[in-house]
file input04.txt (compact mmCIF, C-alpha atoms)
# COMPACT_ATOMS: atom_id res chain seq x y z
CA MET A 1 14.27 -4.65 -25.68
CA HIS A 2 11.93 -4.15 -22.79
CA LYS A 3 11.03 -0.83 -21.35
CA LYS A 4 11.35 -0.29 -17.69
CA ASN A 5 7.92 -0.75 -16.24
CA ALA A 6 6.79 1.59 -13.56
CA ILE A 7 3.34 1.85 -12.16
CA PHE A 8 2.72 4.06 -9.22
CA PHE A 9 -0.63 3.43 -7.65
CA GLY A 10 -0.74 4.85 -4.09
CA LEU A 11 1.07 5.65 -0.76
CA SER A 12 2.24 5.05 2.88
CA LEU A 13 1.16 3.85 6.31
CA ALA A 14 1.92 6.71 8.69
CA CYS A 15 -1.65 7.74 9.33
CA LEU A 16 -3.02 4.24 9.63
CA LEU A 17 -0.74 3.83 12.62
CA PHE A 18 -2.03 7.11 14.00
CA VAL A 19 -5.60 5.97 13.60
CA GLY A 20 -4.74 2.75 15.37
CA ALA A 21 -3.14 4.58 18.26
CA ALA A 22 -6.10 6.92 18.68
CA SER A 23 -8.69 4.16 18.71
CA ALA A 24 -6.59 2.04 21.06
CA ASP A 25 -6.72 4.91 23.51
CA VAL A 26 -10.49 5.03 23.30
CA ASP A 27 -10.65 1.26 23.69
CA ARG A 28 -8.58 1.46 26.82
CA GLN A 29 -10.87 4.07 28.33
CA VAL A 30 -13.93 2.07 27.43
CA SER A 31 -12.58 -1.25 28.66
CA LYS A 32 -11.49 0.34 31.93
CA ALA A 33 -15.04 1.51 32.39
CA THR A 34 -16.50 -1.89 31.61
CA ASP A 35 -14.12 -3.54 34.05
CA THR A 36 -15.49 -1.54 36.92
CA ALA A 37 -19.21 -1.42 36.20
CA PRO A 38 -21.51 -1.62 33.17
CA LEU A 39 -23.35 1.47 34.31
CA GLN A 40 -20.17 3.51 34.25
CA PHE A 41 -19.53 2.29 30.73
CA ALA A 42 -22.91 3.60 29.63
CA GLY A 43 -22.19 6.82 31.46
CA LEU A 44 -18.90 7.33 29.67
CA LEU A 45 -20.53 6.79 26.30
CA ASP A 46 -23.20 9.35 27.13
CA LYS A 47 -20.53 11.83 28.12
CA LEU A 48 -18.55 11.16 24.99
CA LEU A 49 -21.59 11.76 22.86
CA ASP A 50 -22.32 15.07 24.59
CA PRO A 51 -20.35 17.74 22.70
CA GLU A 52 -20.17 19.94 25.81
CA SER A 53 -18.76 17.25 28.12
CA LYS A 54 -15.21 17.42 29.43
CA GLU A 55 -14.59 13.86 28.23
CA ARG A 56 -15.69 14.64 24.71
CA LYS A 57 -13.61 17.81 24.47
CA MET A 58 -10.61 16.03 25.89
CA LEU A 59 -10.93 13.15 23.48
CA SER A 60 -11.71 15.12 20.33
CA GLY A 61 -8.95 17.60 21.21
CA ALA A 62 -6.37 14.85 21.48
CA VAL A 63 -7.54 13.19 18.31
CA SER A 64 -7.60 16.38 16.24
CA VAL A 65 -3.92 17.02 16.99
CA LEU A 66 -3.08 13.56 15.69
CA GLY A 67 -5.25 14.04 12.65
CA SER A 68 -4.14 17.56 11.70
CA ALA A 69 -2.47 16.80 8.38
CA SER A 70 -5.15 14.54 7.00
CA GLU A 71 -7.80 17.09 7.91
CA ILE A 72 -6.26 20.07 6.17
CA ASP A 73 -8.66 22.17 4.16
CA TYR A 74 -9.27 21.46 0.51
CA LYS A 75 -7.47 24.55 -0.75
CA SER A 76 -4.27 23.55 1.05
CA GLU A 77 -4.60 19.99 -0.19
CA ARG A 78 -4.98 21.37 -3.69
CA THR A 79 -1.80 23.47 -3.40
CA ILE A 80 0.14 20.36 -2.40
CA GLY A 81 -1.37 18.52 -5.38
CA GLU A 82 -0.64 21.30 -7.86
CA SER A 83 2.97 21.61 -6.69
CA LEU A 84 3.39 17.86 -7.05
CA ALA A 85 1.77 17.97 -10.51
CA LEU A 86 4.38 20.52 -11.67
CA GLU A 87 7.07 18.05 -10.59
CA GLY A 88 5.14 15.27 -12.34
CA PHE A 89 5.52 17.04 -15.70
CA ARG A 90 9.20 17.60 -15.02
CA ARG A 91 9.67 13.94 -14.20
CA TYR A 92 7.42 12.18 -16.70
CA GLY A 93 6.76 14.54 -19.57
CA LEU A 94 4.29 17.07 -20.87
CA PRO A 95 0.63 16.48 -21.72
CA VAL A 96 -0.05 14.81 -25.06
CA LYS A 97 -1.11 17.62 -27.38
CA ASP A 98 -4.48 16.26 -28.41
CA LYS A 99 -7.58 17.97 -27.04
CA ALA A 100 -9.97 15.19 -28.08
CA LEU A 101 -7.89 12.52 -26.32
CA GLN A 102 -7.56 14.61 -23.14
CA GLU A 103 -11.31 15.26 -23.13
CA TYR A 104 -12.10 11.59 -23.62
CA VAL A 105 -9.96 10.57 -20.63
CA ASN A 106 -11.54 13.38 -18.59
CA LEU A 107 -15.02 12.11 -19.49
CA VAL A 108 -14.24 8.55 -18.36
CA GLY A 109 -12.50 9.87 -15.25
CA ASN A 110 -15.28 12.25 -14.27
CA ALA A 111 -17.92 9.59 -14.90
CA VAL A 112 -16.30 7.25 -12.34
CA ALA A 113 -15.39 10.09 -9.95
CA LYS A 114 -19.08 10.97 -9.54
CA ASN A 115 -19.62 7.49 -8.08
CA SER A 116 -16.44 7.51 -6.01
CA ASP A 117 -15.97 7.88 -2.26
CA ARG A 118 -15.32 11.55 -2.71
CA PRO A 119 -17.62 12.71 -5.50
CA ASN A 120 -17.85 16.38 -4.57
CA ILE A 121 -14.43 17.77 -5.56
CA PRO A 122 -13.28 18.63 -9.09
CA TYR A 123 -11.08 16.05 -10.80
CA SER A 124 -8.68 16.70 -13.68
CA PHE A 125 -7.08 13.95 -15.73
CA VAL A 126 -4.07 14.30 -17.99
CA VAL A 127 -2.34 11.98 -20.43
CA VAL A 128 1.40 12.68 -20.41
CA GLU A 129 3.86 11.57 -23.03
CA SER A 130 5.92 8.86 -21.37
CA PRO A 131 6.85 5.31 -22.36
CA LEU A 132 6.61 4.17 -18.72
CA GLN A 133 3.56 2.19 -17.64
CA ASN A 134 2.50 4.78 -15.16
CA ALA A 135 -0.46 6.37 -13.42
CA PHE A 136 -0.52 8.41 -10.24
CA SER A 137 -2.70 10.88 -8.41
CA CYS A 138 -1.91 14.16 -6.72
CA PRO A 139 -3.80 15.25 -3.60
CA GLY A 140 -6.89 17.29 -4.43
CA GLY A 141 -7.74 15.39 -7.61
CA ILE A 142 -5.16 15.90 -10.40
CA ILE A 143 -4.55 12.50 -11.99
CA PHE A 144 -1.78 11.51 -14.40
CA VAL A 145 -1.83 8.59 -16.80
CA SER A 146 1.08 7.89 -19.15
CA SER A 147 0.74 7.37 -22.88
CA GLY A 148 2.60 4.06 -22.29
CA LEU A 149 -0.15 2.77 -20.03
CA LEU A 150 -2.85 3.95 -22.47
CA LYS A 151 -1.15 1.82 -25.13
CA THR A 152 -1.42 -1.23 -22.85
CA ILE A 153 -5.08 -0.69 -22.00
CA GLN A 154 -7.53 -2.21 -24.50
CA SER A 155 -11.04 -1.06 -23.55
CA GLU A 156 -12.94 1.69 -21.76
CA ASP A 157 -13.82 -0.45 -18.73
CA GLN A 158 -10.10 -1.07 -18.22
CA LEU A 159 -9.35 2.66 -18.38
CA ALA A 160 -12.27 3.34 -16.02
CA GLY A 161 -10.77 0.87 -13.52
CA VAL A 162 -7.30 2.48 -13.61
CA LEU A 163 -8.73 5.99 -13.23
CA ALA A 164 -11.07 4.82 -10.44
CA HIS A 165 -8.03 3.39 -8.62
CA GLU A 166 -6.31 6.78 -8.78
CA VAL A 167 -9.50 8.59 -7.75
CA ALA A 168 -9.67 6.20 -4.77
CA HIS A 169 -6.20 7.30 -3.60
CA VAL A 170 -7.44 10.89 -3.65
CA GLY A 171 -10.63 9.91 -1.82
CA HIS A 172 -8.75 8.01 0.87
CA LYS A 173 -6.19 10.85 1.09
CA HIS A 174 -3.37 8.34 0.93
CA ALA A 175 -0.75 10.87 -0.18
CA LEU A 176 -1.70 13.28 2.59
CA GLN A 177 -1.43 10.53 5.17
CA SER A 178 2.14 9.86 4.10
CA ILE A 179 3.18 13.45 4.82
CA GLN A 180 1.28 13.78 8.06
CA ARG A 181 4.50 13.92 10.06
CA ALA A 182 6.28 16.34 7.72
CA GLN A 183 8.15 19.12 9.48
CA PHE A 184 6.04 21.61 7.54
CA PHE A 185 2.91 20.68 9.49
CA ASN A 186 4.62 21.36 12.79
CA GLY A 187 2.52 24.31 13.96
CA VAL A 188 0.83 24.79 10.58
CA GLY A 189 -2.68 23.60 9.74
CA LYS A 190 -3.27 25.60 6.59
CA ILE A 191 -1.13 26.63 3.63
CA THR A 192 -1.07 30.38 3.05
CA ALA A 193 1.15 32.86 1.22
CA ALA A 194 3.05 33.37 4.51
CA THR A 195 3.78 29.66 5.00
CA MET A 196 5.36 29.53 1.54
CA GLU A 197 8.11 31.97 2.59
CA GLY A 198 11.29 31.57 4.63
CA LYS A 199 11.82 28.51 6.79
CA LYS A 200 8.30 27.19 6.31
CA GLY A 201 8.61 27.66 2.54
CA LYS A 202 11.73 25.52 2.58
CA GLU A 203 9.93 22.91 4.65
CA PHE A 204 7.10 22.93 2.11
CA GLU A 205 9.61 22.25 -0.68
CA ASN A 206 11.09 19.42 1.39
CA MET A 207 7.64 17.99 1.91
CA ILE A 208 6.91 18.00 -1.84
CA GLY A 209 10.34 16.39 -2.34
CA GLY A 210 9.40 13.64 0.08
CA LEU A 211 6.09 13.14 -1.66
CA GLN A 212 7.85 12.76 -5.01
CA ASP A 213 10.18 10.25 -3.44
CA THR A 214 7.21 8.22 -2.24
CA LEU A 215 5.06 8.58 -5.36
CA PHE A 216 7.67 8.46 -8.09
CA ASP A 217 10.41 6.26 -6.64
CA LYS A 218 9.85 4.24 -3.48
CA GLY A 219 6.41 3.11 -4.41
CA LEU A 220 3.43 2.84 -2.22
CA ASP A 221 2.34 1.09 0.89
CA GLN A 222 0.69 -2.12 -0.12
CA ASN A 223 -2.28 -1.77 2.20
CA MET A 224 -3.13 1.51 0.52
CA GLU A 225 -2.85 -0.19 -2.87
CA PHE A 226 -5.19 -2.96 -1.79
CA GLU A 227 -7.63 -0.43 -0.40
CA ALA A 228 -7.57 1.62 -3.62
CA ASP A 229 -8.01 -1.55 -5.71
CA LYS A 230 -11.06 -2.54 -3.68
CA THR A 231 -12.60 0.92 -3.94
CA ALA A 232 -11.84 1.05 -7.69
CA LEU A 233 -13.81 -2.16 -8.31
CA GLU A 234 -16.78 -0.81 -6.38
CA THR A 235 -16.65 2.57 -8.17
CA THR A 236 -16.44 1.11 -11.67
CA TYR A 237 -19.23 -1.34 -10.89
CA ARG A 238 -21.47 1.40 -9.53
CA THR A 239 -20.80 3.54 -12.61
CA GLY A 240 -21.82 0.66 -14.85
CA TYR A 241 -18.50 -0.60 -16.19
CA ASP A 242 -17.36 -4.20 -15.80
CA PRO A 243 -14.92 -4.15 -12.85
CA ASN A 244 -13.13 -7.16 -14.36
CA GLY A 245 -11.51 -4.62 -16.69
CA PHE A 246 -9.30 -3.37 -13.89
CA VAL A 247 -8.13 -6.89 -13.07
CA ASP A 248 -7.38 -7.43 -16.76
CA VAL A 249 -5.00 -4.44 -16.64
CA LEU A 250 -3.23 -5.86 -13.57
CA LYS A 251 -2.89 -9.21 -15.36
CA GLU A 252 -1.46 -7.57 -18.45
CA LEU A 253 1.04 -5.61 -16.34
CA LYS A 254 2.04 -8.85 -14.67
CA ARG A 255 2.63 -10.41 -18.09
CA ILE A 256 4.77 -7.44 -19.19
CA GLN A 257 6.61 -7.57 -15.89
CA SER A 258 7.49 -11.23 -16.27
CA GLN A 259 9.08 -10.44 -19.64
CA SER A 260 11.00 -7.50 -18.29
CA THR A 261 14.74 -7.82 -17.99
CA GLN A 262 14.94 -4.91 -15.58
CA LYS A 263 13.94 -6.54 -12.34
CA GLY A 264 15.13 -3.62 -10.27
CA SER A 265 13.58 -1.62 -7.50
CA TRP A 266 10.09 -1.72 -8.97
CA PHE A 267 9.66 -5.33 -7.95
CA SER A 268 10.93 -4.91 -4.44
CA THR A 269 8.92 -1.81 -3.61
CA HIS A 270 5.48 -2.51 -5.06
CA PRO A 271 2.87 -4.91 -3.82
CA PRO A 272 3.09 -8.17 -5.70
CA LEU A 273 0.64 -8.11 -8.60
CA ASN A 274 -0.31 -11.69 -7.81
CA GLN A 275 -1.63 -10.67 -4.43
CA ARG A 276 -3.48 -7.68 -5.86
CA ILE A 277 -5.06 -9.83 -8.55
CA GLN A 278 -6.10 -12.43 -5.99
CA ASN A 279 -7.62 -9.81 -3.68
CA CYS A 280 -9.54 -8.29 -6.59
CA GLN A 281 -10.84 -11.67 -7.66
CA ASP A 282 -12.14 -12.30 -4.14
CA GLN A 283 -13.91 -8.94 -4.23
CA LEU A 284 -15.38 -9.59 -7.71
CA ARG A 285 -17.59 -12.33 -6.22
CA ARG A 286 -19.70 -9.51 -4.87
CA TYR A 287 -20.66 -8.55 -8.41
CA PRO A 288 -22.31 -11.57 -10.03
CA ASP A 289 -23.59 -9.59 -13.04
CA ALA A 290 -20.29 -7.71 -13.58
CA LYS A 291 -19.57 -9.23 -16.98
CA THR A 292 -22.89 -7.98 -18.36
CA LEU A 293 -21.82 -4.36 -17.76
CA ALA A 294 -20.16 -1.98 -20.25
CA HIS A 295 -16.78 -2.77 -21.87
CA LEU A 296 -16.62 -0.46 -24.91
CA PRO A 297 -13.41 -1.61 -26.59
CA ASP A 298 -14.31 0.19 -29.84
CA ARG A 299 -14.79 3.64 -28.35
CA PHE A 300 -11.55 3.23 -26.41
CA LEU A 301 -9.50 2.02 -29.38
CA GLN A 302 -10.77 4.89 -31.52
CA ASN A 303 -9.30 7.28 -28.97
CA GLN A 304 -6.19 5.19 -28.39
CA LYS A 305 -5.23 5.85 -32.02
CA ARG A 306 -4.59 9.44 -30.96
CA VAL A 307 -1.86 8.41 -28.53
CA PRO A 308 1.53 9.20 -30.08
CA ASN A 309 4.00 6.37 -30.57
CA MET B 310 -29.32 2.84 1.97
CA TRP B 311 -27.74 6.20 1.31
CA VAL B 312 -27.35 8.35 -1.78
CA ALA B 313 -23.61 8.22 -2.56
CA SER B 314 -23.20 9.71 -6.06
CA GLU B 315 -23.32 13.15 -7.55
CA ASN B 316 -26.14 13.62 -10.07
CA ALA B 317 -28.45 11.17 -8.31
CA THR B 318 -31.88 11.71 -9.81
CA LEU B 319 -35.19 10.27 -8.68
CA LYS B 320 -37.12 8.93 -11.69
CA SER B 321 -40.80 8.19 -12.24
CA GLU B 322 -39.99 4.78 -13.74
CA PRO B 323 -37.03 2.36 -13.63
CA LYS B 324 -35.42 3.80 -16.75
CA ALA B 325 -33.22 6.78 -17.46
CA SER B 326 -35.56 8.19 -20.11
CA SER B 327 -38.46 8.55 -17.63
CA THR B 328 -39.40 11.84 -15.98
CA THR B 329 -36.97 13.24 -13.41
CA LEU B 330 -38.88 13.89 -10.19
CA SER B 331 -36.03 15.46 -8.22
CA SER B 332 -32.30 15.36 -7.50
CA LEU B 333 -31.02 13.95 -4.23
CA ALA B 334 -27.83 15.13 -2.57
CA VAL B 335 -25.08 12.78 -1.41
CA GLY B 336 -25.74 11.57 2.13
CA ASN B 337 -29.54 11.39 1.92
CA LYS B 338 -30.89 8.31 3.65
CA VAL B 339 -33.57 6.39 1.75
CA SER B 340 -35.62 3.23 2.22
CA ILE B 341 -35.89 0.58 -0.45
CA LEU B 342 -39.44 -0.36 -1.39
CA GLU B 343 -38.76 -2.77 -4.27
CA SER B 344 -36.25 -3.46 -7.01
CA GLU B 345 -36.45 -4.11 -10.73
CA ASN B 346 -33.41 -4.99 -12.81
CA ARG B 347 -30.75 -2.54 -11.69
CA TRP B 348 -33.18 -0.04 -10.26
CA TYR B 349 -34.59 0.50 -6.79
CA ARG B 350 -37.91 2.08 -5.91
CA ILE B 351 -37.08 4.22 -2.92
CA ARG B 352 -38.70 6.53 -0.39
CA THR B 353 -36.81 9.57 0.88
CA ALA B 354 -36.87 10.88 4.46
CA SER B 355 -39.36 13.51 3.33
CA GLY B 356 -41.67 10.82 1.94
CA GLU B 357 -40.97 11.30 -1.76
CA GLU B 358 -41.03 8.07 -3.78
CA GLY B 359 -39.48 7.17 -7.10
CA TRP B 360 -36.89 5.03 -8.88
CA MET B 361 -33.11 5.34 -8.67
CA TYR B 362 -30.31 3.48 -10.46
CA ARG B 363 -28.59 1.14 -7.99
CA GLY B 364 -25.12 2.62 -8.58
CA LYS B 365 -26.15 5.89 -6.96
CA LEU B 366 -26.84 4.16 -3.64
CA THR B 367 -24.64 2.40 -1.09
CA ASP B 368 -25.43 0.37 1.99
CA ALA B 369 -22.96 2.30 4.17
CA PRO B 370 -23.07 5.98 5.05
CA PRO B 371 -21.09 7.59 2.20
CA SER B 372 -18.58 9.57 4.16
CA LYS B 373 -15.09 8.50 3.33
CA GLU B 374 -14.03 11.86 4.69
CA THR B 375 -14.94 10.59 8.11
CA GLU B 376 -13.53 7.12 7.66
CA VAL B 377 -10.13 8.44 6.66
CA SER B 378 -10.29 11.11 9.32
CA ASP B 379 -8.85 10.38 12.73
CA ASN B 380 -11.65 12.23 14.43
CA LEU B 381 -13.89 9.80 16.24
CA PHE B 382 -16.82 12.17 16.04
CA SER B 383 -16.40 13.44 12.53
CA SER B 384 -19.50 11.61 11.31
CA MET B 385 -21.45 14.22 13.24
CA GLN B 386 -19.70 16.95 11.29
CA SER B 387 -19.50 15.29 7.92
CA SER B 388 -22.29 17.20 6.21
CA SER B 389 -20.85 20.59 7.11
CA ILE B 390 -17.33 19.51 6.08
CA SER B 391 -18.61 18.31 2.71
CA ALA B 392 -20.55 21.50 2.12
CA ASP B 393 -17.52 23.65 2.86
CA GLU B 394 -15.36 21.50 0.67
CA ALA B 395 -17.79 21.66 -2.23
CA GLN B 396 -18.06 25.41 -1.93
CA THR B 397 -14.29 25.85 -1.88
CA SER B 398 -13.75 23.54 -4.80
CA ARG B 399 -16.27 25.36 -6.99
CA SER B 400 -14.40 28.61 -6.52
CA ILE B 401 -11.02 27.16 -7.50
CA ARG B 402 -9.74 28.21 -10.93
CA GLY B 403 -6.23 27.64 -12.21
CA LEU B 404 -3.05 27.47 -10.14
CA SER B 405 -3.35 28.75 -6.58
CA LYS B 406 -1.32 31.75 -5.51
CA GLU B 407 0.68 29.46 -3.21
CA THR B 408 1.50 27.07 -6.07
CA GLU B 409 2.77 30.08 -8.03
CA GLN B 410 5.02 30.92 -5.09
CA TYR B 411 6.30 27.35 -5.00
CA ALA B 412 6.99 27.41 -8.75
CA GLN B 413 8.85 30.69 -8.46
CA LYS B 414 11.08 29.45 -5.66
CA ARG B 415 11.78 26.21 -7.47
CA GLY B 416 12.46 27.97 -10.75
CA THR B 417 9.83 25.80 -12.43
CA PRO B 418 9.98 26.33 -16.21
CA GLU B 419 7.06 28.27 -17.66
CA VAL B 420 6.16 25.32 -19.88
CA TYR B 421 5.14 23.17 -16.88
CA LYS B 422 3.05 25.95 -15.35
CA LYS B 423 1.32 26.45 -18.66
CA ALA B 424 0.74 22.71 -18.97
CA LEU B 425 -0.92 22.58 -15.55
CA ASP B 426 -3.04 25.62 -16.34
CA GLN B 427 -4.31 23.88 -19.46
CA VAL B 428 -5.06 20.67 -17.57
CA LEU B 429 -7.06 22.56 -14.95
CA ALA B 430 -8.89 24.52 -17.66
CA ILE B 431 -10.61 21.39 -18.97
CA ARG B 432 -13.98 21.36 -17.26
CA ILE B 433 -16.39 18.51 -17.80
CA THR B 434 -20.01 19.40 -17.06
CA ASP B 435 -22.57 17.04 -15.55
CA LYS B 436 -24.46 17.19 -18.82
CA GLU B 437 -21.39 16.14 -20.83
CA VAL B 438 -20.90 13.16 -18.52
CA ALA B 439 -24.56 12.20 -18.93
CA VAL B 440 -24.33 12.37 -22.74
CA PHE B 441 -21.11 10.34 -22.66
CA LEU B 442 -22.69 7.62 -20.51
CA LYS B 443 -25.79 7.59 -22.69
CA GLU B 444 -23.77 7.19 -25.90
CA GLY B 445 -21.89 4.29 -24.31
CA LYS B 446 -25.10 2.78 -22.87
CA ILE B 447 -23.43 2.75 -19.46
CA GLY B 448 -25.02 2.40 -16.02
CA GLU B 449 -28.53 3.81 -15.88
CA TYR B 450 -28.46 4.16 -19.69
CA ALA B 451 -27.84 0.45 -20.25
CA PRO B 452 -30.67 -1.27 -22.14
call {"tool": "encode", "arguments": {"input": "input04.txt", "output": "structure tokens"}}
result
Amino acid sequence: MHKKNAIFFGLSLACLLFVGAASADVDRQVSKATDTAPLQFAGLLDKLLDPESKERKMLSGAVSVLGSASEIDYKSERTIGESLALEGFRRYGLPVKDKALQEYVNLVGNAVAKNSDRPNIPYSFVVVESPLQNAFSCPGGIIFVSSGLLKTIQSEDQLAGVLAHEVAHVGHKHALQSIQRAQFFNGVGKITAATMEGKKGKEFENMIGGLQDTLFDKGLDQNMEFEADKTALETTYRTGYDPNGFVDVLKELKRIQSQSTQKGSWFSTHPPLNQRIQNCQDQLRRYPDAKTLAHLPDRFLQNQKRVPN
Amino acid sequence: MWVASENATLKSEPKASSTTLSSLAVGNKVSILESENRWYRIRTASGEEGWMYRGKLTDAPPSKETEVSDNLFSSMQSSSISADEAQTSRSIRGLSKETEQYAQKRGTPEVYKKALDQVLAIRITDKEVAVFLKEGKIGEYAP
């Protein structure tokens, strides 16, 4: 019998569209200027670079409205992440009761996080007891990995790659981008005790519900997955692990998937592993000495023994 | 190149066991003078010279905050944003008051709150990471 395989590695596209719209606006202004005269173009750039100019204020004002949710302060981001983490335990299971195992995963995770795109926030990693092949990250840096996935992984460089992928989602703020248009953020830029009450409190709950839907069920936007894969390879390489380890995990998941009898929603909602593997292999050409870096199967397997069956 | 990692130390020689000359913060711009194995000899903006492991450096300004951000001019503000963020994150301990409110409204069982508290209580120090990398002969500790 095959277990249902579920791997959740990322999120949606909402903000990418926003970014596109904002830059298109700038492009239009710039191209209009170039159409009329090159000197005016230079003049507009000067004005835009002057923080006191009308043009600059106008532009940055417009853009900051669009970007409000992805620019929320860290404390608010953390509250969203903690709330989601509580739901994560409810959905997937409680932490494996083994301090040494949890510390080991936190050491690998923190080692890669220090070389990530966002090295200056605290990261926490937790192994939860679940047979599903699963890893996901909550905004602010709380990262879940299932005992099922730890059983599939075979060496420390592989684990480093998976954790670096989740750290990359946090760094790119993929989850936050997916809730940028949530009702909750209508008129709210910061989460406080007051915004957790009444109508806003209900909207906050709805927003966390939507986030669970995206992270736990629908799956993630494939461009975000590709972006997190790419960043994960770079982060593991910079830390000193062989980035091929991450691709090995994807290949193993593909093998398990092909044996699975439950070809349900997972396959229709997640980016095809073939494409992810191919993209990673293209990126790996940037690291000619990758295979000479650390693999550490023994240290990993010693710790894997602690994972309950 | 720019310093892009936490715990980026400038060394007297291209090996981790050599003397630490100083620590460089993320975002510092440096020039490369020469390279040896996986190490670069660099010069900082203030003129200090020494060796740094290649993984601590990137060839793009390390400000994902700004790349993800929709603000066209956020690169100008990135250093202050990062500083605020770092300061806030250091002061965070356990579940936030707002998360507690959420849990109360949702009727979240105590066991999940306790689980999250325990997860957040695990703190890995820079020194522990360094020892871990050294034992595994990883990165700058590779032979």
call {"tool": "atom_distance", "arguments": {"input": "input04.txt", "atom1": "atom CA of A:Ala194", "atom2": "atom CA of A:Ser124"}}
result
27.3 Å
call {"tool": "atom_distance", "arguments": {"input": "input04.txt", "atom1": "atom CA of A:Ile179", "atom2": "atom CA of A:Lys199"}}
result
17.5 Å
call {"tool": "closest_atom_pairs", "arguments": {"input": "input04.txt", "of": "chain A", "to": "chain B", "cutoff": "7 Å", "atoms": "all atoms listed in the file", "output": "tab-separated table"}}
result
residue	atom	partner	partner_atom	distance
A:Val19	CA	B:Asp379	CA	5.5
A:Ser60	CA	B:Asn380	CA	6.6
A:Val63	CA	B:Asn380	CA	5.7
A:Ser64	CA	B:Asn380	CA	6.1
A:Gly67	CA	B:Asp379	CA	5.1
A:Ser70	CA	B:Ser378	CA	6.6
A:Glu71	CA	B:Ser378	CA	6.6
A:Tyr74	CA	B:Glu394	CA	6.1
A:Thr79	CA	B:Thr408	CA	5.6
A:Glu82	CA	B:Thr408	CA	6.4
A:Ser83	CA	B:Thr408	CA	5.7
A:Leu86	CA	B:Tyr421	CA	5.9
A:Phe89	CA	B:Tyr421	CA	6.3
A:Leu94	CA	B:Ala424	CA	6.9
A:Pro95	CA	B:Ala424	CA	6.8
A:Leu107	CA	B:Val438	CA	6.1
A:Ala111	CA	B:Val438	CA	5.9
A:Lys114	CA	B:Glu315	CA	5.2
A:Asn115	CA	B:Ser314	CA	4.7
A:Asp117	CA	B:Lys373	CA	5.7
A:Arg118	CA	B:Lys373	CA	6.8
A:Pro119	CA	B:Glu315	CA	6.1
A:Asn120	CA	B:Ala395	CA	5.8
A:Ile121	CA	B:Ser398	CA	5.9
A:Pro122	CA	B:Ser398	CA	6.5
A:Ser124	CA	B:Leu429	CA	6.2
A:Val126	CA	B:Val428	CA	6.5
A:Gly171	CA	B:Lys373	CA	7.0
A:His172	CA	B:Val377	CA	6.0
A:Thr192	CA	B:Glu407	CA	6.6
A:Ala193	CA	B:Glu407	CA	5.6
A:Met196	CA	B:Glu407	CA	6.7
A:Arg238	CA	B:Gly364	CA	4.0
A:Thr239	CA	B:Gly448	CA	5.5
A:Gly240	CA	B:Gly448	CA	3.8
A:Tyr241	CA	B:Ile447	CA	6.8
A:Ala294	CA	B:Ile447	CA	5.8
call {"tool": "atom_distance", "arguments": {"input": "input04.txt", "atom1": "atom CA of A:Cys138", "atom2": "atom CA of A:Ser178"}}
result
12.3 Å
call {"tool": "residues_around", "arguments": {"input": "input04.txt", "residues": "A:Asn106", "least_positions_apart": "2", "cutoff": "8 Å", "atoms": "all atoms listed in the file", "output": "number ranges by chain"}}
result
A: 102-104, 108-110, 124-126; B: 433
call {"tool": "decode", "arguments": {"input": "input04.txt", "residues": "stretch 271-281 of chain A", "atoms": "N, CA and C atoms", "output": "compact mmCIF listing (two decimals), in the first residue's frame"}}
result
# COMPACT_ATOMS: atom_id res chain seq x y z
N PRO A 271 3.81 21.86 -9.09
CA PRO A 271 4.61 21.92 -10.31
C PRO A 271 5.17 20.54 -10.61
N PRO A 272 5.20 20.17 -11.86
CA PRO A 272 5.71 18.84 -12.20
C PRO A 272 7.16 18.71 -11.71
N LEU A 273 7.42 17.59 -11.05
CA LEU A 273 8.77 17.37 -10.53
C LEU A 273 9.79 17.32 -11.65
N ASN A 274 9.37 16.81 -12.81
CA ASN A 274 10.29 16.76 -13.95
C ASN A 274 10.84 18.14 -14.29
N GLN A 275 9.93 19.10 -14.30
CA GLN A 275 10.34 20.47 -14.65
C GLN A 275 11.26 21.05 -13.57
N ARG A 276 10.92 20.77 -12.32
CA ARG A 276 11.75 21.28 -11.23
C ARG A 276 13.14 20.66 -11.30
N ILE A 277 13.18 19.37 -11.55
CA ILE A 277 14.48 18.69 -11.62
C ILE A 277 15.31 19.26 -12.78
N GLN A 278 14.65 19.46 -13.91
CA GLN A 278 15.35 20.00 -15.08
C GLN A 278 15.90 21.40 -14.78
N ASN A 279 15.06 22.24 -14.19
CA ASN A 279 15.51 23.61 -13.86
C ASN A 279 16.70 23.58 -12.91
N CYS A 280 16.63 22.68 -11.92
CA CYS A 280 17.74 22.58 -10.95
C CYS A 280 19.01 22.12 -11.67
N GLN A 281 18.85 21.17 -12.57
CA GLN A 281 20.04 20.66 -13.25
C GLN A 281 20.70 21.75 -14.10
